[in-house]
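Undergrad: Sharing input38.txt, compact mmCIF, C-alpha atoms:
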```txt
# COMPACT_ATOMS: atom_id res chain seq x y z
CA MET A 1 81.47 114.97 90.96
CA ALA A 2 85.01 113.61 90.91
CA THR A 3 87.15 113.94 87.82
CA PRO A 4 87.39 110.61 85.96
CA PRO A 5 90.87 109.04 86.15
CA SER A 6 91.36 109.28 82.37
CA LEU A 7 90.86 113.06 82.41
CA CYS A 8 93.12 113.50 85.42
CA ILE A 9 95.82 111.32 83.81
CA GLU A 10 95.55 113.21 80.50
CA LYS A 11 95.72 116.64 82.14
CA LEU A 12 98.72 115.62 84.25
CA LYS A 13 100.43 114.00 81.24
CA LYS A 14 100.11 117.23 79.21
CA ALA A 15 101.61 119.25 82.06
CA LEU A 16 104.46 116.72 82.56
CA ASP A 17 105.19 116.72 78.82
CA SER A 18 105.08 120.51 78.68
CA ALA A 19 107.60 120.66 81.56
CA GLU A 20 109.72 118.01 79.78
CA ILE A 21 109.49 115.60 82.71
CA GLY A 22 109.61 112.00 81.56
CA GLN A 23 107.35 110.60 84.26
CA HIS A 24 104.03 108.91 83.59
CA PRO A 25 101.13 110.37 85.62
CA VAL A 26 100.61 107.03 87.41
CA GLU A 27 104.24 107.18 88.58
CA VAL A 28 103.66 110.65 90.02
CA HIS A 29 100.55 109.46 91.83
CA GLY A 30 102.31 106.32 93.07
CA ALA A 31 105.11 108.48 94.48
CA LEU A 32 102.62 110.87 96.11
CA VAL A 33 100.78 107.97 97.74
CA GLY A 34 104.05 106.38 98.86
CA LEU A 35 105.13 109.64 100.50
CA ILE A 36 101.75 110.10 102.20
CA CYS A 37 101.58 106.48 103.36
CA GLY A 38 105.16 106.71 104.59
CA GLY A 39 104.23 109.59 106.87
CA VAL A 40 105.63 112.60 104.99
CA GLU A 41 104.97 115.94 106.67
CA GLN A 42 101.80 117.26 105.03
CA ALA A 43 101.89 120.82 106.34
CA ASN A 44 102.59 123.58 103.83
CA THR A 45 104.51 122.02 100.95
CA VAL A 46 107.16 120.11 102.94
CA TRP A 47 106.13 116.99 101.01
CA LEU A 48 107.12 118.63 97.73
CA LYS A 49 110.89 118.39 98.30
CA PRO A 50 111.05 114.56 98.44
CA LEU A 51 108.65 114.36 95.48
CA LEU A 52 110.88 116.65 93.42
CA GLU A 53 113.87 114.46 94.30
CA LEU A 54 111.99 111.43 92.98
CA MET A 55 110.51 112.88 89.82
CA ASN A 56 112.68 115.81 88.73
CA ASP A 57 116.15 115.44 90.29
CA GLY A 58 115.20 118.04 92.90
CA GLN A 59 114.51 120.73 90.29
CA PRO A 60 111.44 122.99 90.67
CA LEU A 61 108.31 122.44 88.64
CA THR A 62 106.41 124.85 86.42
CA SER A 63 103.68 126.66 88.34
CA GLU A 64 100.95 124.87 86.34
CA LEU A 65 102.42 121.44 87.08
CA GLN A 66 103.03 122.24 90.74
CA GLN A 67 99.41 123.39 91.08
CA LEU A 68 98.11 120.16 89.52
CA ILE A 69 100.33 118.03 91.73
CA THR A 70 99.38 120.01 94.84
CA GLU A 71 95.69 119.45 94.08
CA LEU A 72 96.36 115.74 93.49
CA PHE A 73 98.32 115.53 96.75
CA GLN A 74 95.54 117.19 98.74
CA ASP A 75 92.85 115.00 97.17
CA THR A 76 94.89 111.84 97.76
CA ALA A 77 95.69 112.72 101.39
CA THR A 78 92.00 113.40 102.01
CA ARG A 79 90.97 110.10 100.43
CA LEU A 80 93.54 108.12 102.42
CA GLY A 81 92.60 109.86 105.67
CA ASP A 82 88.85 109.37 105.36
CA ALA A 83 87.42 106.03 104.26
CA GLU A 84 84.21 107.74 103.09
CA TYR A 85 86.12 109.35 100.19
CA GLY A 86 87.33 106.01 98.83
CA PHE A 87 91.02 106.00 97.97
CA ASN A 88 92.05 104.35 94.68
CA PRO A 89 95.35 104.33 92.81
CA LEU A 90 95.19 106.65 89.80
CA LEU A 91 95.15 104.19 86.90
CA PRO A 92 93.65 104.08 83.39
CA GLU A 93 90.01 103.10 83.23
CA GLU A 94 88.74 99.70 82.12
CA GLU A 95 88.23 100.86 78.52
CA GLU A 96 92.03 100.70 78.11
CA PRO A 97 93.58 97.35 77.13
CA LEU A 98 94.37 95.10 80.09
CA SER A 99 98.08 95.06 79.23
CA THR A 100 98.18 98.88 79.45
CA ARG A 101 96.38 98.89 82.79
CA LEU A 102 98.68 96.18 84.13
CA GLU A 103 101.79 98.06 83.00
CA CYS A 104 100.45 101.22 84.68
CA LEU A 105 99.72 99.30 87.88
CA ALA A 106 103.32 98.02 87.93
CA LEU A 107 104.65 101.57 87.34
CA TRP A 108 102.41 102.91 90.11
CA VAL A 109 103.63 100.23 92.54
CA GLN A 110 107.30 100.81 91.64
CA SER A 111 106.95 104.54 92.36
CA TYR A 112 104.98 103.85 95.53
CA LEU A 113 107.67 101.51 96.87
CA THR A 114 110.47 103.93 96.01
CA ALA A 115 108.71 106.82 97.74
CA ILE A 116 107.72 104.94 100.88
CA ALA A 117 111.28 103.60 101.22
CA LEU A 118 112.65 107.15 100.80
CA ILE A 119 110.42 108.75 103.42
CA GLN A 120 109.97 105.98 106.01
CA PRO A 121 113.25 105.08 107.77
CA LYS A 122 111.50 102.51 110.00
CA LEU A 123 110.13 100.43 107.12
CA ASN A 124 112.19 97.39 108.10
CA GLY A 125 110.83 97.69 111.65
CA ALA A 126 107.21 97.85 110.51
CA SER A 127 104.61 95.33 111.61
CA SER A 128 104.91 91.88 110.06
CA ASP A 129 101.75 92.57 108.03
CA VAL A 130 103.24 95.71 106.46
CA ARG A 131 106.60 94.01 105.79
CA GLU A 132 104.78 91.15 104.06
CA ILE A 133 102.68 93.59 102.03
CA ILE A 134 105.81 95.46 100.93
CA GLN A 135 107.30 92.15 99.74
CA ASP A 136 104.09 91.32 97.86
CA LEU A 137 104.07 94.77 96.27
CA GLY A 138 107.64 94.14 95.13
CA ALA A 139 106.40 91.05 93.29
CA ILE A 140 103.53 93.02 91.73
CA ALA A 141 106.01 95.64 90.50
CA GLN A 142 107.71 92.86 88.51
CA VAL A 143 104.51 91.49 86.96
CA GLU A 144 104.56 90.38 83.31
CA PHE A 145 102.61 92.53 80.85
CA ASP A 146 101.88 89.82 78.27
CA VAL A 147 98.26 89.06 79.18
CA SER A 148 95.18 88.27 77.19
CA ASP A 149 92.01 90.33 77.41
CA ASP A 150 89.83 87.56 78.84
CA ASP A 151 87.59 87.36 81.89
CA GLU A 152 90.10 85.35 83.93
CA SER A 153 92.90 87.88 83.35
CA GLU A 154 90.52 90.77 84.03
CA GLY A 155 89.50 89.13 87.32
CA ALA A 156 93.14 88.66 88.30
CA PHE A 157 93.84 92.33 87.53
CA ILE A 158 90.89 93.43 89.67
CA GLU A 159 92.27 91.37 92.57
CA LEU A 160 95.75 92.90 92.14
CA HIS A 161 94.25 96.39 91.98
CA GLU A 162 92.27 95.81 95.18
CA PHE A 163 95.32 94.35 96.93
CA VAL A 164 97.40 97.42 96.00
CA ARG A 165 94.62 99.74 97.17
CA MET A 166 94.31 97.98 100.53
CA ALA A 167 98.10 97.77 100.92
CA ALA A 168 98.32 101.55 100.64
CA VAL A 169 95.52 102.00 103.19
CA LEU A 170 97.26 99.60 105.62
CA CYS A 171 100.62 101.38 105.25
CA TYR A 172 98.88 104.72 105.77
CA SER A 173 97.27 103.42 108.96
CA GLU A 174 100.70 102.37 110.25
CA PHE A 175 102.85 105.34 109.20
CA GLY A 176 100.40 108.13 108.38
CA PRO A 177 99.40 110.92 110.76
CA GLU A 178 97.96 109.99 114.11
CA ILE A 179 94.19 110.08 114.11
CA PRO A 180 92.60 110.78 117.51
CA LEU A 181 90.63 107.76 118.69
CA ASP A 182 88.41 109.65 121.13
CA ASP A 183 86.61 112.75 119.98
CA SER A 184 84.16 112.76 122.90
CA GLU A 185 85.80 115.77 124.57
CA PRO A 186 83.53 118.78 124.37
CA ALA A 187 84.59 121.39 121.87
CA ALA A 188 85.74 124.75 123.17
CA PRO A 189 83.22 127.56 122.74
CA LEU A 190 83.70 129.58 119.57
CA HIS A 191 83.28 132.96 121.26
```
Have the structure of the file written as structure tokens, please.
TA:
Amino acid sequence: MATPPSLCIEKLKKALDSAEIGQHPVEVHGALVGLICGGVEQANTVWLKPLLELMNDGQPLTSELQQLITELFQDTATRLGDAEYGFNPLLPEEEEPLSTRLECLALWVQSYLTAIALIQPKLNGASSDVREIIQDLGAIAQVEFDVSDDDESEGAFIELHEFVRMAAVLCYSEFGPEIPLDDSEPAAPLH
């Protein structure tokens, strides 16, 4: 069973605090997703260098924090690459006040946009759909946090959350690793 977002956020927050890194866990996840969706090299830990530039001025992480982030990176890359795993931005659960969840969504989107812009030099030459989505994400990153905890506001948040989720999936499909379309070739014998 997957770890609930609240436990993942709490564990990552403790490790960030222990390493004296002033990032919120949702910012770290947003940056990871932005790098992955922007097409960062996923082999070995090549992806770690741009992440360190974004979150720690290029300085190395503690081994505990690096291990947590590596696990989060691998899980996120798997979820983005395979629709069956169901990618979602790492955000507080619905038990948290709506204003907190909205603020975290804005932080996630800001980090996502920064990371994708850092890693994807052809962002301005992307498809019109992706360019429009990037503009819309920019507006979401500026969203106001003064909301009431009513059904209408909750519904609007759910729509924003789904838009952000699908925007990441669309960017991944445009800039992420090539996925072979035809797997009908027979596999080579194992022996």
Undergrad: Identify, on the basis of all atoms listed in the file, every residue whose closest approach to Tyr112 in chain A does not exceed 9 Å; exclude the query and any residue fewer than 4 positions from it along the same chain; express the result as a PyMOL selection string.
TA: chain A and resi 27-35+37+107-108+116-117+168
Undergrad: From the list A:Ile119, A:Ser127, A:Ser99, A:Val26, which residue is nearest Val46 in chain A when using only C-alpha atoms?
TA: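 For Val46 in chain A, the nearest of the candidates is A:Ile119.
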Undergrad: Please report the interatomic distance between CA of Lys14 in chain A and CA of Leu65 in chain A in Å with one decimal.
TA: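 Interatomic distance here is 9.2 Å.
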Undergrad: What does the distance between CA of Leu113 in chain A and CA of Ala126 in chain A come to in Å, to one decimal place?
TA: 14.1 Å
Undergrad: Considering only C-alpha atoms, state which residue in the set A:Asp149, A:Glu154, A:Asp136, A:Glu41 is at the smallest distance from Gln120 in chain A.
TA: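 The answer is A:Glu41, which sits nearest to Gln120 in chain A.
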Undergrad: Nearest to Gln67 in chain A among A:Val143, A:Met55, A:Cys104, A:Ala15, with distances taken over all atoms listed in the file: which residue is it?
TA: A:Ala15
Undergrad: What is the distance, in Å and to one decimal place, between CA of Gly86 in chain A and CA of Asp151 in chain A?
TA: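 These atoms are spaced 25.2 Å apart.
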Undergrad: Find, counting all atoms listed in the file, the residue in A:Met166, A:Glu71, A:Glu132, A:Ile21 that gets nearest to Thr45 in chain A.
TA: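 Of all the options, A:Glu71 lies closest to Thr45 in chain A.
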Undergrad: Applying 12 Å and all atoms listed in the file, which residues near Thr100 in chain A remain after dropping the ones on its own chain fewer than 5 positions away? List them as a PyMOL selection string.
TA: chain A and resi 26+91-95+105-107+144-149+157
Undergrad: How would the residues just picked look written out with C-alpha atoms as an mmCIF file, in the coordinates of the input?
TA:
```cif
data_model
loop_
_atom_site.group_PDB
_atom_site.id
_atom_site.type_symbol
_atom_site.label_atom_id
_atom_site.label_comp_id
_atom_site.auth_asym_id
_atom_site.auth_seq_id
_atom_site.Cartn_x
_atom_site.Cartn_y
_atom_site.Cartn_z
ATOM 1 C CA VAL A 26 100.610 107.030 87.410
ATOM 2 C CA LEU A 91 95.150 104.190 86.900
ATOM 3 C CA PRO A 92 93.650 104.080 83.390
ATOM 4 C CA GLU A 93 90.010 103.100 83.230
ATOM 5 C CA GLU A 94 88.740 99.700 82.120
ATOM 6 C CA GLU A 95 88.230 100.860 78.520
ATOM 7 C CA LEU A 105 99.720 99.300 87.880
ATOM 8 C CA ALA A 106 103.320 98.020 87.930
ATOM 9 C CA LEU A 107 104.650 101.570 87.340
ATOM 10 C CA GLU A 144 104.560 90.380 83.310
ATOM 11 C CA PHE A 145 102.610 92.530 80.850
ATOM 12 C CA ASP A 146 101.880 89.820 78.270
ATOM 13 C CA VAL A 147 98.260 89.060 79.180
ATOM 14 C CA SER A 148 95.180 88.270 77.190
ATOM 15 C CA ASP A 149 92.010 90.330 77.410
ATOM 16 C CA PHE A 157 93.840 92.330 87.530
#
```
Undergrad: Please, what is the axis-aligned box for every listed atom of range 80-85 of chain A with 6 Å on each side, as centre and edge lengths in Å to one decimal, as lines of an AutoDock Vina configuration file?
TA:
```
center_x = 88.9
center_y = 107.9
center_z = 102.9
size_x = 21.3
size_y = 15.8
size_z = 17.5
```
Undergrad: Using all atoms listed in the file, determine which residues lie at most 12 Å from Ala83 in chain A, disregarding the query and same-chain residues fewer than 4 positions distant; provide the list as a VMD selection string.
TA: chain A and resid 76 to 79 87 to 88 165 to 166 169 to 170 172 to 173
Undergrad: I want to know what sits within 8 Å of Val164 in chain A, based on all atoms listed in the file, with residues of the same chain fewer than 3 positions away left out; could you give that as number ranges by chain?
TA: A: 89, 109, 137, 160-161, 167-168
Undergrad: Please list as a list in words every residue within 12 Å of Leu61 in chain A, counting all atoms listed in the file and excluding residues in the same chain fewer than 5 positions away.
TA: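 Surrounding residues, per the criterion: Ala15, Leu16, Asp17, Ser18, Ala19, Glu20, Ile21, Leu48, Lys49, Leu51, Leu52, Glu53, Met55, Asn56, Gln66, Gln67, Leu68, Ile69 and Thr70 of chain A.
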Undergrad: Using all atoms listed in the file, which of A:Asp75, A:Gly39, A:Pro5, A:Glu10 sits nearest Ala115 in chain A?
TA: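 Closest candidate: A:Gly39.
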Undergrad: May I ask which of the residues A:Leu12, A:Leu80, A:Val130, A:Leu7 is the closest one to Pro177 in chain A, counting all atoms listed in the file?
TA: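 Closest to Pro177 in chain A of all the choices is A:Leu80.
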